[in-house]
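Quick look at run_32.cif (mmCIF, C-alpha atoms and all ligand atoms):
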data_target
loop_
_atom_site.group_PDB
_atom_site.id
_atom_site.type_symbol
_atom_site.label_atom_id
_atom_site.label_comp_id
_atom_site.auth_asym_id
_atom_site.auth_seq_id
_atom_site.Cartn_x
_atom_site.Cartn_y
_atom_site.Cartn_z
ATOM 1 C CA MET X 16 -3.055 24.718 -31.301
ATOM 2 C CA SER X 17 -1.169 21.535 -31.659
ATOM 3 C CA VAL X 18 0.182 19.255 -33.384
ATOM 4 C CA SER X 19 1.886 19.334 -36.724
ATOM 5 C CA HIS X 20 5.559 20.149 -36.365
ATOM 6 C CA ALA X 21 7.020 16.724 -36.993
ATOM 7 C CA ASN X 22 10.665 17.763 -37.038
ATOM 8 C CA THR X 23 10.845 20.292 -34.259
ATOM 9 C CA PRO X 24 11.961 19.035 -30.854
ATOM 10 C CA LEU X 25 9.543 18.889 -27.960
ATOM 11 C CA LYS X 26 9.271 22.117 -26.069
ATOM 12 C CA PRO X 27 9.873 21.882 -22.334
ATOM 13 C CA SER X 28 6.283 22.966 -21.879
ATOM 14 C CA CYS X 29 4.801 19.789 -23.396
ATOM 15 C CA ILE X 30 2.934 17.039 -21.584
ATOM 16 C CA ASP X 31 1.581 13.499 -22.006
ATOM 17 C CA LEU X 32 -1.478 12.657 -19.920
ATOM 18 C CA HIS X 33 -2.191 9.123 -21.147
ATOM 19 C CA ILE X 34 0.502 6.534 -20.403
ATOM 20 C CA HIS X 35 0.382 2.862 -19.401
ATOM 21 C CA SER X 36 3.000 1.146 -17.225
ATOM 22 C CA THR X 37 3.747 -2.436 -16.228
ATOM 23 C CA ALA X 38 1.069 -2.009 -13.532
ATOM 24 C CA SER X 39 -1.429 -2.598 -16.363
ATOM 25 C CA ASP X 40 -0.482 -3.528 -19.925
ATOM 26 C CA GLY X 41 2.513 -1.309 -20.726
ATOM 27 C CA SER X 42 6.055 -2.631 -21.092
ATOM 28 C CA LEU X 43 7.911 0.050 -19.077
ATOM 29 C CA SER X 44 7.909 0.407 -15.298
ATOM 30 C CA PRO X 45 6.794 3.732 -13.831
ATOM 31 C CA ILE X 46 10.446 4.669 -13.177
ATOM 32 C CA GLU X 47 11.415 3.861 -16.768
ATOM 33 C CA ILE X 48 8.487 5.975 -17.961
ATOM 34 C CA ILE X 49 9.677 8.946 -15.901
ATOM 35 C CA GLU X 50 13.182 8.540 -17.348
ATOM 36 C CA THR X 51 11.788 8.318 -20.879
ATOM 37 C CA ALA X 52 9.622 11.396 -20.317
ATOM 38 C CA GLU X 53 12.600 13.284 -18.925
ATOM 39 C CA LYS X 54 14.723 12.399 -21.953
ATOM 40 C CA ALA X 55 11.882 13.492 -24.232
ATOM 41 C CA GLY X 56 11.869 16.848 -22.445
ATOM 42 C CA LEU X 57 8.308 16.631 -21.120
ATOM 43 C CA ARG X 58 7.208 18.944 -18.328
ATOM 44 C CA ALA X 59 4.359 16.819 -16.936
ATOM 45 C CA ILE X 60 2.969 13.299 -17.336
ATOM 46 C CA SER X 61 0.207 11.135 -15.939
ATOM 47 C CA ILE X 62 0.376 7.344 -15.716
ATOM 48 C CA THR X 63 -3.173 6.190 -16.430
ATOM 49 C CA ASP X 64 -3.178 2.421 -16.031
ATOM 50 C CA HIS X 65 -6.344 0.401 -16.620
ATOM 51 C CA ASP X 66 -8.341 0.033 -13.407
ATOM 52 C CA THR X 67 -5.336 0.364 -11.084
ATOM 53 C CA VAL X 68 -3.481 3.236 -9.390
ATOM 54 C CA GLU X 69 -0.366 1.201 -8.550
ATOM 55 C CA GLY X 70 1.613 2.647 -11.486
ATOM 56 C CA SER X 71 0.607 6.158 -10.594
ATOM 57 C CA ALA X 72 1.522 5.638 -6.929
ATOM 58 C CA GLU X 73 4.939 4.271 -7.859
ATOM 59 C CA ALA X 74 5.578 7.241 -10.167
ATOM 60 C CA LEU X 75 4.603 9.687 -7.434
ATOM 61 C CA ARG X 76 7.168 8.126 -5.083
ATOM 62 C CA HIS X 77 9.896 8.978 -7.609
ATOM 63 C CA GLN X 78 8.724 12.435 -8.532
ATOM 64 C CA HIS X 79 11.244 14.192 -6.273
ATOM 65 C CA SER X 80 14.228 12.670 -8.090
ATOM 66 C CA SER X 81 13.108 13.803 -11.532
ATOM 67 C CA GLY X 82 12.369 17.041 -13.307
ATOM 68 C CA VAL X 83 9.005 15.789 -14.555
ATOM 69 C CA GLU X 84 5.797 16.748 -12.786
ATOM 70 C CA ILE X 85 3.594 13.746 -12.039
ATOM 71 C CA LEU X 86 -0.191 14.029 -12.073
ATOM 72 C CA THR X 87 -1.953 11.074 -10.499
ATOM 73 C CA GLY X 88 -4.139 9.208 -12.965
ATOM 74 C CA ILE X 89 -6.184 6.177 -13.903
ATOM 75 C CA GLU X 90 -8.152 4.890 -16.910
ATOM 76 C CA VAL X 91 -11.347 3.075 -15.965
ATOM 77 C CA SER X 92 -13.075 0.734 -18.440
ATOM 78 C CA VAL X 93 -16.801 1.159 -18.057
ATOM 79 C CA GLY X 94 -19.847 -0.711 -19.317
ATOM 80 C CA PHE X 95 -21.059 0.707 -22.638
ATOM 81 C CA ASP X 96 -22.961 -1.457 -25.095
ATOM 82 C CA SER X 97 -22.293 0.008 -28.509
ATOM 83 C CA GLY X 98 -18.546 0.568 -28.208
ATOM 84 C CA THR X 99 -15.630 0.939 -25.815
ATOM 85 C CA MET X 100 -15.846 3.657 -23.178
ATOM 86 C CA HIS X 101 -12.852 4.573 -21.018
ATOM 87 C CA ILE X 102 -12.980 7.286 -18.373
ATOM 88 C CA LEU X 103 -9.710 8.915 -17.367
ATOM 89 C CA GLY X 104 -9.339 10.308 -13.860
ATOM 90 C CA TYR X 105 -6.720 12.955 -13.092
ATOM 91 C CA LEU X 106 -5.404 14.415 -9.844
ATOM 92 C CA ILE X 107 -7.177 11.733 -7.817
ATOM 93 C CA ARG X 108 -6.285 11.021 -4.189
ATOM 94 C CA LEU X 109 -4.739 7.581 -4.544
ATOM 95 C CA ASP X 110 -5.678 6.477 -1.041
ATOM 96 C CA ASP X 111 -9.357 7.427 -1.286
ATOM 97 C CA PRO X 112 -11.274 4.510 0.314
ATOM 98 C CA SER X 113 -14.192 4.404 -2.143
ATOM 99 C CA LEU X 114 -11.800 4.532 -5.110
ATOM 100 C CA ARG X 115 -9.785 1.685 -3.572
ATOM 101 C CA GLN X 116 -12.917 -0.373 -2.988
ATOM 102 C CA ALA X 117 -14.258 0.209 -6.503
ATOM 103 C CA LEU X 118 -10.941 -0.852 -8.032
ATOM 104 C CA LYS X 119 -10.797 -3.923 -5.799
ATOM 105 C CA ASP X 120 -14.234 -4.991 -7.077
ATOM 106 C CA VAL X 121 -13.117 -4.469 -10.674
ATOM 107 C CA GLN X 122 -9.909 -6.476 -10.136
ATOM 108 C CA LYS X 123 -11.904 -9.281 -8.571
ATOM 109 C CA GLY X 124 -14.172 -9.291 -11.634
ATOM 110 C CA ARG X 125 -11.140 -9.412 -13.907
ATOM 111 C CA ALA X 126 -9.635 -12.425 -12.099
ATOM 112 C CA GLY X 127 -12.948 -14.314 -12.161
ATOM 113 C CA ARG X 128 -13.336 -13.598 -15.840
ATOM 114 C CA ASN X 129 -9.878 -15.038 -16.651
ATOM 115 C CA LEU X 130 -10.832 -18.310 -14.960
ATOM 116 C CA GLN X 131 -14.065 -18.475 -16.963
ATOM 117 C CA ILE X 132 -12.263 -17.821 -20.267
ATOM 118 C CA ILE X 133 -9.673 -20.495 -19.507
ATOM 119 C CA LYS X 134 -12.436 -22.980 -18.616
ATOM 120 C CA LYS X 135 -14.202 -22.262 -21.927
ATOM 121 C CA LEU X 136 -10.935 -22.746 -23.843
ATOM 122 C CA GLN X 137 -10.342 -26.051 -22.037
ATOM 123 C CA ASP X 138 -13.877 -27.150 -22.911
ATOM 124 C CA LEU X 139 -13.086 -26.284 -26.543
ATOM 125 C CA GLY X 140 -10.122 -28.656 -26.342
ATOM 126 C CA ALA X 141 -7.283 -26.137 -25.893
ATOM 127 C CA ASP X 142 -4.405 -27.212 -23.668
ATOM 128 C CA ILE X 143 -4.098 -24.186 -21.365
ATOM 129 C CA SER X 144 -3.966 -23.648 -17.602
ATOM 130 C CA HIS X 145 -4.357 -20.668 -15.288
ATOM 131 C CA ASP X 146 -0.784 -21.173 -14.008
ATOM 132 C CA GLU X 147 0.603 -20.836 -17.526
ATOM 133 C CA VAL X 148 -1.286 -17.577 -17.994
ATOM 134 C CA LEU X 149 -0.012 -16.217 -14.675
ATOM 135 C CA LYS X 150 3.529 -17.144 -15.661
ATOM 136 C CA VAL X 151 3.205 -15.047 -18.812
ATOM 137 C CA SER X 152 1.685 -12.048 -17.002
ATOM 138 C CA GLY X 153 4.220 -12.195 -14.182
ATOM 139 C CA GLY X 154 1.378 -12.211 -11.675
ATOM 140 C CA GLY X 155 0.430 -8.566 -12.247
ATOM 141 C CA GLN X 156 -2.784 -7.449 -13.922
ATOM 142 C CA THR X 157 -3.706 -10.423 -16.070
ATOM 143 C CA GLY X 158 -6.094 -10.541 -18.997
ATOM 144 C CA ARG X 159 -6.879 -11.686 -22.507
ATOM 145 C CA PRO X 160 -3.523 -10.590 -24.061
ATOM 146 C CA HIS X 161 -1.735 -12.997 -21.707
ATOM 147 C CA ILE X 162 -4.186 -15.800 -22.455
ATOM 148 C CA ALA X 163 -3.597 -15.106 -26.158
ATOM 149 C CA GLN X 164 0.165 -15.367 -25.653
ATOM 150 C CA VAL X 165 -0.214 -18.814 -24.075
ATOM 151 C CA LEU X 166 -2.413 -19.942 -26.996
ATOM 152 C CA VAL X 167 0.349 -18.852 -29.400
ATOM 153 C CA LYS X 168 3.050 -20.521 -27.316
ATOM 154 C CA LYS X 169 1.079 -23.757 -27.256
ATOM 155 C CA GLY X 170 0.564 -23.666 -31.025
ATOM 156 C CA VAL X 171 -3.235 -23.480 -30.684
ATOM 157 C CA VAL X 172 -3.085 -20.396 -32.926
ATOM 158 C CA GLN X 173 -0.290 -18.720 -34.883
ATOM 159 C CA THR X 174 -0.683 -15.115 -33.721
ATOM 160 C CA ILE X 175 -2.181 -12.989 -30.956
ATOM 161 C CA ASP X 176 -4.621 -11.536 -33.514
ATOM 162 C CA GLU X 177 -5.780 -15.024 -34.441
ATOM 163 C CA ALA X 178 -6.308 -15.862 -30.751
ATOM 164 C CA PHE X 179 -8.655 -12.884 -30.460
ATOM 165 C CA SER X 180 -10.476 -13.365 -33.758
ATOM 166 C CA LYS X 181 -10.968 -17.126 -33.221
ATOM 167 C CA PHE X 182 -11.627 -17.317 -29.482
ATOM 168 C CA LEU X 183 -11.319 -14.218 -27.326
ATOM 169 C CA LYS X 184 -13.114 -11.252 -28.830
ATOM 170 C CA LYS X 185 -16.760 -10.397 -28.353
ATOM 171 C CA GLY X 186 -18.957 -12.910 -30.157
ATOM 172 C CA ARG X 187 -16.292 -15.648 -30.197
ATOM 173 C CA PRO X 188 -16.689 -18.857 -28.181
ATOM 174 C CA ALA X 189 -14.373 -18.093 -25.232
ATOM 175 C CA TYR X 190 -15.498 -14.476 -24.815
ATOM 176 C CA THR X 191 -16.751 -13.661 -21.340
ATOM 177 C CA GLU X 192 -18.217 -10.419 -20.060
ATOM 178 C CA ARG X 193 -16.674 -9.034 -16.921
ATOM 179 C CA TYR X 194 -17.825 -6.803 -14.132
ATOM 180 C CA ARG X 195 -17.352 -3.155 -15.020
ATOM 181 C CA LEU X 196 -18.365 0.066 -13.365
ATOM 182 C CA LEU X 197 -21.122 2.004 -15.084
ATOM 183 C CA PRO X 198 -19.998 5.318 -16.614
ATOM 184 C CA VAL X 199 -21.788 7.286 -13.898
ATOM 185 C CA GLU X 200 -20.186 5.156 -11.156
ATOM 186 C CA ALA X 201 -16.688 5.701 -12.551
ATOM 187 C CA ILE X 202 -17.275 9.440 -12.847
ATOM 188 C CA GLN X 203 -18.657 9.684 -9.315
ATOM 189 C CA THR X 204 -15.811 7.605 -7.893
ATOM 190 C CA ILE X 205 -13.214 9.864 -9.537
ATOM 191 C CA LEU X 206 -14.988 12.999 -8.303
ATOM 192 C CA GLN X 207 -15.209 11.605 -4.800
ATOM 193 C CA ALA X 208 -11.452 10.998 -4.861
ATOM 194 C CA GLY X 209 -10.983 14.705 -5.631
ATOM 195 C CA GLY X 210 -10.176 14.025 -9.270
ATOM 196 C CA VAL X 211 -11.201 15.263 -12.701
ATOM 197 C CA PRO X 212 -13.129 12.741 -14.870
ATOM 198 C CA VAL X 213 -12.378 12.914 -18.592
ATOM 199 C CA LEU X 214 -13.823 10.929 -21.508
ATOM 200 C CA ALA X 215 -10.916 9.102 -23.219
ATOM 201 C CA HIS X 216 -10.504 8.783 -27.037
ATOM 202 C CA PRO X 217 -14.178 9.452 -27.965
ATOM 203 C CA PHE X 218 -13.901 7.653 -31.332
ATOM 204 C CA THR X 219 -13.989 4.256 -29.578
ATOM 205 C CA LEU X 220 -17.612 4.929 -28.611
ATOM 206 C CA ASN X 221 -18.404 4.136 -32.278
ATOM 207 C CA SER X 222 -20.898 6.955 -32.425
ATOM 208 C CA LYS X 223 -21.538 7.571 -36.100
ATOM 209 C CA THR X 224 -22.782 11.149 -35.898
ATOM 210 C CA GLU X 225 -21.821 14.316 -34.033
ATOM 211 C CA GLY X 226 -25.394 14.439 -32.713
ATOM 212 C CA GLY X 227 -25.106 10.936 -31.271
ATOM 213 C CA LEU X 228 -21.853 11.802 -29.562
ATOM 214 C CA ASP X 229 -23.433 15.006 -28.258
ATOM 215 C CA ARG X 230 -26.180 13.030 -26.539
ATOM 216 C CA ILE X 231 -23.706 10.670 -24.863
ATOM 217 C CA VAL X 232 -21.452 13.510 -23.738
ATOM 218 C CA ALA X 233 -24.396 15.534 -22.411
ATOM 219 C CA GLU X 234 -25.426 12.551 -20.267
ATOM 220 C CA LEU X 235 -21.882 12.052 -19.011
ATOM 221 C CA LYS X 236 -21.606 15.730 -18.193
ATOM 222 C CA GLN X 237 -24.776 15.526 -16.183
ATOM 223 C CA ALA X 238 -23.128 12.690 -14.217
ATOM 224 C CA GLY X 239 -20.132 14.960 -13.518
ATOM 225 C CA LEU X 240 -17.792 14.581 -16.503
ATOM 226 C CA LYS X 241 -15.380 17.521 -16.739
ATOM 227 C CA GLY X 242 -13.264 16.931 -19.816
ATOM 228 C CA VAL X 243 -12.689 15.275 -23.180
ATOM 229 C CA GLU X 244 -9.458 13.747 -24.449
ATOM 230 C CA VAL X 245 -9.112 15.708 -27.668
ATOM 231 C CA TYR X 246 -5.431 15.184 -28.531
ATOM 232 C CA TYR X 247 -4.778 11.511 -29.226
ATOM 233 C CA PRO X 248 -2.672 9.689 -31.852
ATOM 234 C CA GLY X 249 -5.681 8.002 -33.494
ATOM 235 C CA HIS X 250 -7.687 11.191 -33.926
ATOM 236 C CA GLY X 251 -6.133 12.966 -36.933
ATOM 237 C CA PRO X 252 -6.855 16.610 -37.827
ATOM 238 C CA ASP X 253 -10.576 16.201 -38.610
ATOM 239 C CA LEU X 254 -11.509 14.299 -35.458
ATOM 240 C CA THR X 255 -9.291 16.570 -33.374
ATOM 241 C CA ALA X 256 -11.185 19.594 -34.671
ATOM 242 C CA GLN X 257 -14.514 17.818 -34.138
ATOM 243 C CA TYR X 258 -13.635 16.974 -30.522
ATOM 244 C CA GLU X 259 -12.378 20.518 -29.874
ATOM 245 C CA ARG X 260 -15.830 21.720 -30.930
ATOM 246 C CA LEU X 261 -17.487 19.016 -28.827
ATOM 247 C CA ALA X 262 -15.604 20.082 -25.690
ATOM 248 C CA ASP X 263 -16.365 23.698 -26.431
ATOM 249 C CA ARG X 264 -20.111 23.107 -26.956
ATOM 250 C CA HIS X 265 -20.414 21.301 -23.645
ATOM 251 C CA GLY X 266 -18.100 23.577 -21.683
ATOM 252 C CA LEU X 267 -15.671 20.731 -20.995
ATOM 253 C CA LEU X 268 -11.923 20.796 -20.473
ATOM 254 C CA VAL X 269 -9.556 19.520 -23.137
ATOM 255 C CA THR X 270 -6.835 16.958 -22.390
ATOM 256 C CA GLY X 271 -4.437 14.905 -24.463
ATOM 257 C CA GLY X 272 -2.034 12.014 -24.378
ATOM 258 C CA THR X 273 -0.432 9.312 -26.484
ATOM 259 C CA ASP X 274 -1.755 6.114 -24.844
ATOM 260 C CA PHE X 275 1.910 5.076 -24.721
ATOM 261 C CA HIS X 276 2.335 1.336 -23.968
ATOM 262 C CA GLY X 277 6.091 0.947 -24.655
ATOM 263 C CA MET X 278 6.956 -2.113 -26.733
ATOM 264 C CA VAL X 279 3.364 -3.323 -26.603
ATOM 265 C CA ASN X 280 2.611 -0.642 -29.218
ATOM 266 C CA PRO X 281 6.028 0.315 -30.617
ATOM 267 C CA GLY X 282 4.812 2.927 -33.141
ATOM 268 C CA ILE X 283 3.666 5.286 -30.382
ATOM 269 C CA HIS X 284 6.282 7.433 -28.638
ATOM 270 C CA ILE X 285 5.917 9.187 -25.324
ATOM 271 C CA GLY X 286 4.890 12.835 -25.684
ATOM 272 C CA ILE X 287 4.725 12.823 -29.503
ATOM 273 C CA GLY X 288 2.622 9.782 -30.470
ATOM 274 C CA VAL X 289 3.474 8.865 -34.056
ATOM 275 C CA GLY X 290 5.674 11.964 -34.182
ATOM 276 C CA ASP X 291 3.450 14.977 -34.534
ATOM 277 C CA MET X 292 1.801 15.591 -31.140
ATOM 278 C CA ARG X 293 2.680 18.637 -29.043
ATOM 279 C CA ILE X 294 0.354 18.954 -26.064
ATOM 280 C CA PRO X 295 0.789 22.195 -24.140
ATOM 281 C CA TYR X 296 1.242 22.455 -20.377
ATOM 282 C CA ARG X 297 -1.579 24.980 -20.030
ATOM 283 C CA LEU X 298 -4.037 22.046 -20.151
ATOM 284 C CA VAL X 299 -2.557 20.892 -16.836
ATOM 285 C CA GLU X 300 -3.224 24.291 -15.312
ATOM 286 C CA LYS X 301 -6.877 24.011 -16.341
ATOM 287 C CA LEU X 302 -7.104 20.511 -14.862
ATOM 288 C CA LYS X 303 -5.741 21.793 -11.567
ATOM 289 C CA GLU X 304 -8.336 24.541 -11.505
ATOM 290 C CA ALA X 305 -11.061 21.925 -12.062
ATOM 291 C CA ALA X 306 -9.859 19.483 -9.374
ATOM 292 C CA VAL X 307 -11.955 19.526 -6.232
HETATM 293 ZN ZN ZN S 401 -8.397 3.633 -23.450
HETATM 294 ZN ZN ZN S 402 -5.123 3.948 -22.397
#
Give the structure from this file in structure tokens form.
Ligand SMILES: [Zn+2]
Ligand SMILES: [Zn+2]
Amino acid sequence: MSVSHANTPLKPSCIDLHIHSTASDGSLSPIEIIETAEKAGLRAISITDHDTVEGSAEALRHQHSSGVEILTGIEVSVGFDSGTMHILGYLIRLDDPSLRQALKDVQKGRAGRNLQIIKKLQDLGADISHDEVLKVSGGGQTGRPHIAQVLVKKGVVQTIDEAFSKFLKKGRPAYTERYRLLPVEAIQTILQAGGVPVLAHPFTLNSKTEGGLDRIVAELKQAGLKGVEVYYPGHGPDLTAQYERLADRHGLLVTGGTDFHGMVNPGIHIGIGVGDMRIPYRLVEKLKEAAV
């Protein structure tokens, strides 16, 4: 299927199942995202904010006034040593108590981590306070990008990239680990909330071989994983084909989305990514069949 008709308009049967709102690190509110999706002619979307369902809940409240179908969603960052592992959860019950509790624990870990990073930066001589960081984030989900912005504003570094490469990324002096769910915990939590757990953008696992990826995916499937995010702007034709095979080998569903963040990542457009994605609605039908 897919994905290579750069100049044809979106069909009304297209979807985008990976979108971030202001509830995490996107620049558009859930309502603005629905409006943008409507203008783009999408049939269904899912707002999949990092470790929070607030964006998804807000979108659901406005579903009736739009022509776009809203699937509830989340993207959970989980502990994984050799790369970055994100687990998407679709069609979750947003008020599920164990989901709520798990996310509360993660948010608490995030807040504690910010304080530790700021303390380390202060110890390194940087003039930065927690209040300044909160001012930049607007009091919503707050993290390293906001700390980086303050460092730029204060002239400690010239750019956000420099803030990460000098201080904030793994291995640098202000880096701090934070509490994360284990992959199996995230998968179980999503299942318990009636949702469908899906491995996001597999390339970020940094697995060098198809065999290595196979082993990871087999383990995740044993824990309850039901799908793989195959269609993604960073994947390109070769990886897309590789991940289609991967999903097929393991009997997993296929999903896709753009990881749209609004102005935070201006090259990526809702529904079409860098311009060439066309993700068909039939994937949503399969997700619904798989939801508990
Ligand atoms: Zn992700
Ligand atoms: Zn994402």
| message | 10 Å from ligand ZN 402 (chain S) is the threshold here; counting all atoms listed in the file, which polymer residues fall inside it? Answer as a ChimeraX atom specification. | response | /X:32-35,39-41,62-65,89-92,101-103,215-216,272-276
Generate the output file for the selected residues, C-alpha atoms, as a compact mmCIF listing (two decimals), keeping the file's coordinate frame.
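In the end it all went to out_23.txt:
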# COMPACT_ATOMS: atom_id res chain seq x y z
CA LEU X 32 -1.48 12.66 -19.92
CA HIS X 33 -2.19 9.12 -21.15
CA ILE X 34 0.50 6.53 -20.40
CA HIS X 35 0.38 2.86 -19.40
CA SER X 39 -1.43 -2.60 -16.36
CA ASP X 40 -0.48 -3.53 -19.92
CA GLY X 41 2.51 -1.31 -20.73
CA ILE X 62 0.38 7.34 -15.72
CA THR X 63 -3.17 6.19 -16.43
CA ASP X 64 -3.18 2.42 -16.03
CA HIS X 65 -6.34 0.40 -16.62
CA ILE X 89 -6.18 6.18 -13.90
CA GLU X 90 -8.15 4.89 -16.91
CA VAL X 91 -11.35 3.08 -15.96
CA SER X 92 -13.08 0.73 -18.44
CA HIS X 101 -12.85 4.57 -21.02
CA ILE X 102 -12.98 7.29 -18.37
CA LEU X 103 -9.71 8.91 -17.37
CA ALA X 215 -10.92 9.10 -23.22
CA HIS X 216 -10.50 8.78 -27.04
CA GLY X 272 -2.03 12.01 -24.38
CA THR X 273 -0.43 9.31 -26.48
CA ASP X 274 -1.76 6.11 -24.84
CA PHE X 275 1.91 5.08 -24.72
CA HIS X 276 2.34 1.34 -23.97
| field | Explicit residue set for the PyMOL selection byres (((chain X and resi 118) around 10) and not hetatm), as number ranges by chain | value | X: 65-68, 91, 112-117, 119-124, 195-196, 201, 204
Do a neighbour search on Gly277 of chain X at 7 Å with only C-alpha atoms, toss out local chain neighbours closer than 2 positions, and write the hits as a PDB file with C-alpha atoms, in the coordinates of the input.
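The resulting file, around15.pdb, is reproduced below:
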ATOM      1  CA  GLY X  41       2.513  -1.309 -20.726  1.00  0.00           C
ATOM      2  CA  SER X  42       6.055  -2.631 -21.092  1.00  0.00           C
ATOM      3  CA  LEU X  43       7.911   0.050 -19.077  1.00  0.00           C
ATOM      4  CA  PHE X 275       1.910   5.076 -24.721  1.00  0.00           C
ATOM      5  CA  VAL X 279       3.364  -3.323 -26.603  1.00  0.00           C
ATOM      6  CA  ASN X 280       2.611  -0.642 -29.218  1.00  0.00           C
ATOM      7  CA  PRO X 281       6.028   0.315 -30.617  1.00  0.00           C
TER       8      PRO X 281
END
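The closest residue to Glu47 of chain X, picked from X:Ile60, X:Ala262, X:Ile132, X:Ala74 and counting only C-alpha atoms, is X:Ala74.
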| remark: Closest of X:Gly286, X:Gly153, X:Gly210, X:Pro188 to Thr87 of chain X, counting all atoms listed in the file, is X:Gly210
Quick one: 6 Å padding each side, axis-aligned, all listed atoms of segment 116-126 of chain X - centre and edge lengths in Å to one decimal, as AutoDock Vina command-line options?
--center_x -11.9 --center_y -6.1 --center_z -8.4 --size_x 16.6 --size_y 24.6 --size_z 22.9
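Interatomic distance, atom CA of Pro198 of chain X to atom CA of Phe218 of chain X: 16.1 Å.
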| message | Applying the PyMOL selection byres (((chain X and resi 151) around 12) and not hetatm) to the file I just gave you, which residues come out? Please list them as JSON, numbers by chain. | response | {"X": [143, 144, 145, 146, 147, 148, 149, 150, 152, 153, 154, 155, 156, 157, 158, 159, 160, 161, 162, 163, 164, 165, 166, 167, 168]}
Just to be explicit: take each residue in the selection above, keep C-alpha atoms, and write the result as a tab-separated table (two decimals), in the coordinates of the input.
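Final output, saved to selection-v9.tsv:
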chain	number	residue	atom	x	y	z
X	143	ILE	CA	-4.10	-24.19	-21.36
X	144	SER	CA	-3.97	-23.65	-17.60
X	145	HIS	CA	-4.36	-20.67	-15.29
X	146	ASP	CA	-0.78	-21.17	-14.01
X	147	GLU	CA	0.60	-20.84	-17.53
X	148	VAL	CA	-1.29	-17.58	-17.99
X	149	LEU	CA	-0.01	-16.22	-14.68
X	150	LYS	CA	3.53	-17.14	-15.66
X	152	SER	CA	1.68	-12.05	-17.00
X	153	GLY	CA	4.22	-12.20	-14.18
X	154	GLY	CA	1.38	-12.21	-11.68
X	155	GLY	CA	0.43	-8.57	-12.25
X	156	GLN	CA	-2.78	-7.45	-13.92
X	157	THR	CA	-3.71	-10.42	-16.07
X	158	GLY	CA	-6.09	-10.54	-19.00
X	159	ARG	CA	-6.88	-11.69	-22.51
X	160	PRO	CA	-3.52	-10.59	-24.06
X	161	HIS	CA	-1.74	-13.00	-21.71
X	162	ILE	CA	-4.19	-15.80	-22.46
X	163	ALA	CA	-3.60	-15.11	-26.16
X	164	GLN	CA	0.16	-15.37	-25.65
X	165	VAL	CA	-0.21	-18.81	-24.08
X	166	LEU	CA	-2.41	-19.94	-27.00
X	167	VAL	CA	0.35	-18.85	-29.40
X	168	LYS	CA	3.05	-20.52	-27.32
| task | May I ask which of the residues X:Val93, X:Asn129, X:Glu177, X:Ser28 is the closest one to ligand ZN 401 (chain S), counting only C-alpha atoms and all ligand atoms? | result | X:Val93
| field | Nearest to ligand ZN 401 (chain S) by atom-to-atom distance, counting only C-alpha atoms and all ligand atoms, from X:Glu69, X:Asp31, X:Glu244, X:Asp176 | value | X:Glu244
Residues within 9 Å of Leu106 of chain X, all atoms listed in the file, excluding chain neighbours under 5 positions, as a short mmCIF file (atom, residue, chain, number, x, y, z; two decimals) with C-alpha atoms, keeping the file's coordinate frame:
data_model
loop_
_atom_site.label_atom_id
_atom_site.label_comp_id
_atom_site.auth_asym_id
_atom_site.auth_seq_id
_atom_site.Cartn_x
_atom_site.Cartn_y
_atom_site.Cartn_z
CA SER X 61 0.21 11.14 -15.94
CA LEU X 86 -0.19 14.03 -12.07
CA THR X 87 -1.95 11.07 -10.50
CA GLY X 88 -4.14 9.21 -12.96
CA ALA X 208 -11.45 11.00 -4.86
CA GLY X 209 -10.98 14.70 -5.63
CA GLY X 210 -10.18 14.02 -9.27
CA VAL X 211 -11.20 15.26 -12.70
CA LEU X 302 -7.10 20.51 -14.86
CA LYS X 303 -5.74 21.79 -11.57
CA ALA X 306 -9.86 19.48 -9.37
#
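The gap separating atom CA of Leu228 of chain X from atom CA of Gln203 of chain X is 20.6 Å, in Å to one decimal.
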| field | Given the PyMOL selection byres (((chain X and resi 287) around 10) and not hetatm), the residues it picks as a ChimeraX atom specification | value | /X:18,21,24-25,29-31,55,57,247-248,272-273,275,283-286,288-294
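The shortest atom-to-atom distance to ligand ZN 401 (chain S), with only C-alpha atoms and all ligand atoms taken into account, belongs to X:Leu220 out of X:Ala178, X:Ala59, X:Leu220, X:Leu240.
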| query | So what do you get for atom CA of Gly104 of chain X versus atom CA of Val213 of chain X, distance-wise? | reply | 6.2 Å
| query | Between X:Ala305, X:Leu109, X:Leu267, X:Ile46, which is the closest to Ala72 of chain X once you count all atoms listed in the file? | reply | X:Leu109
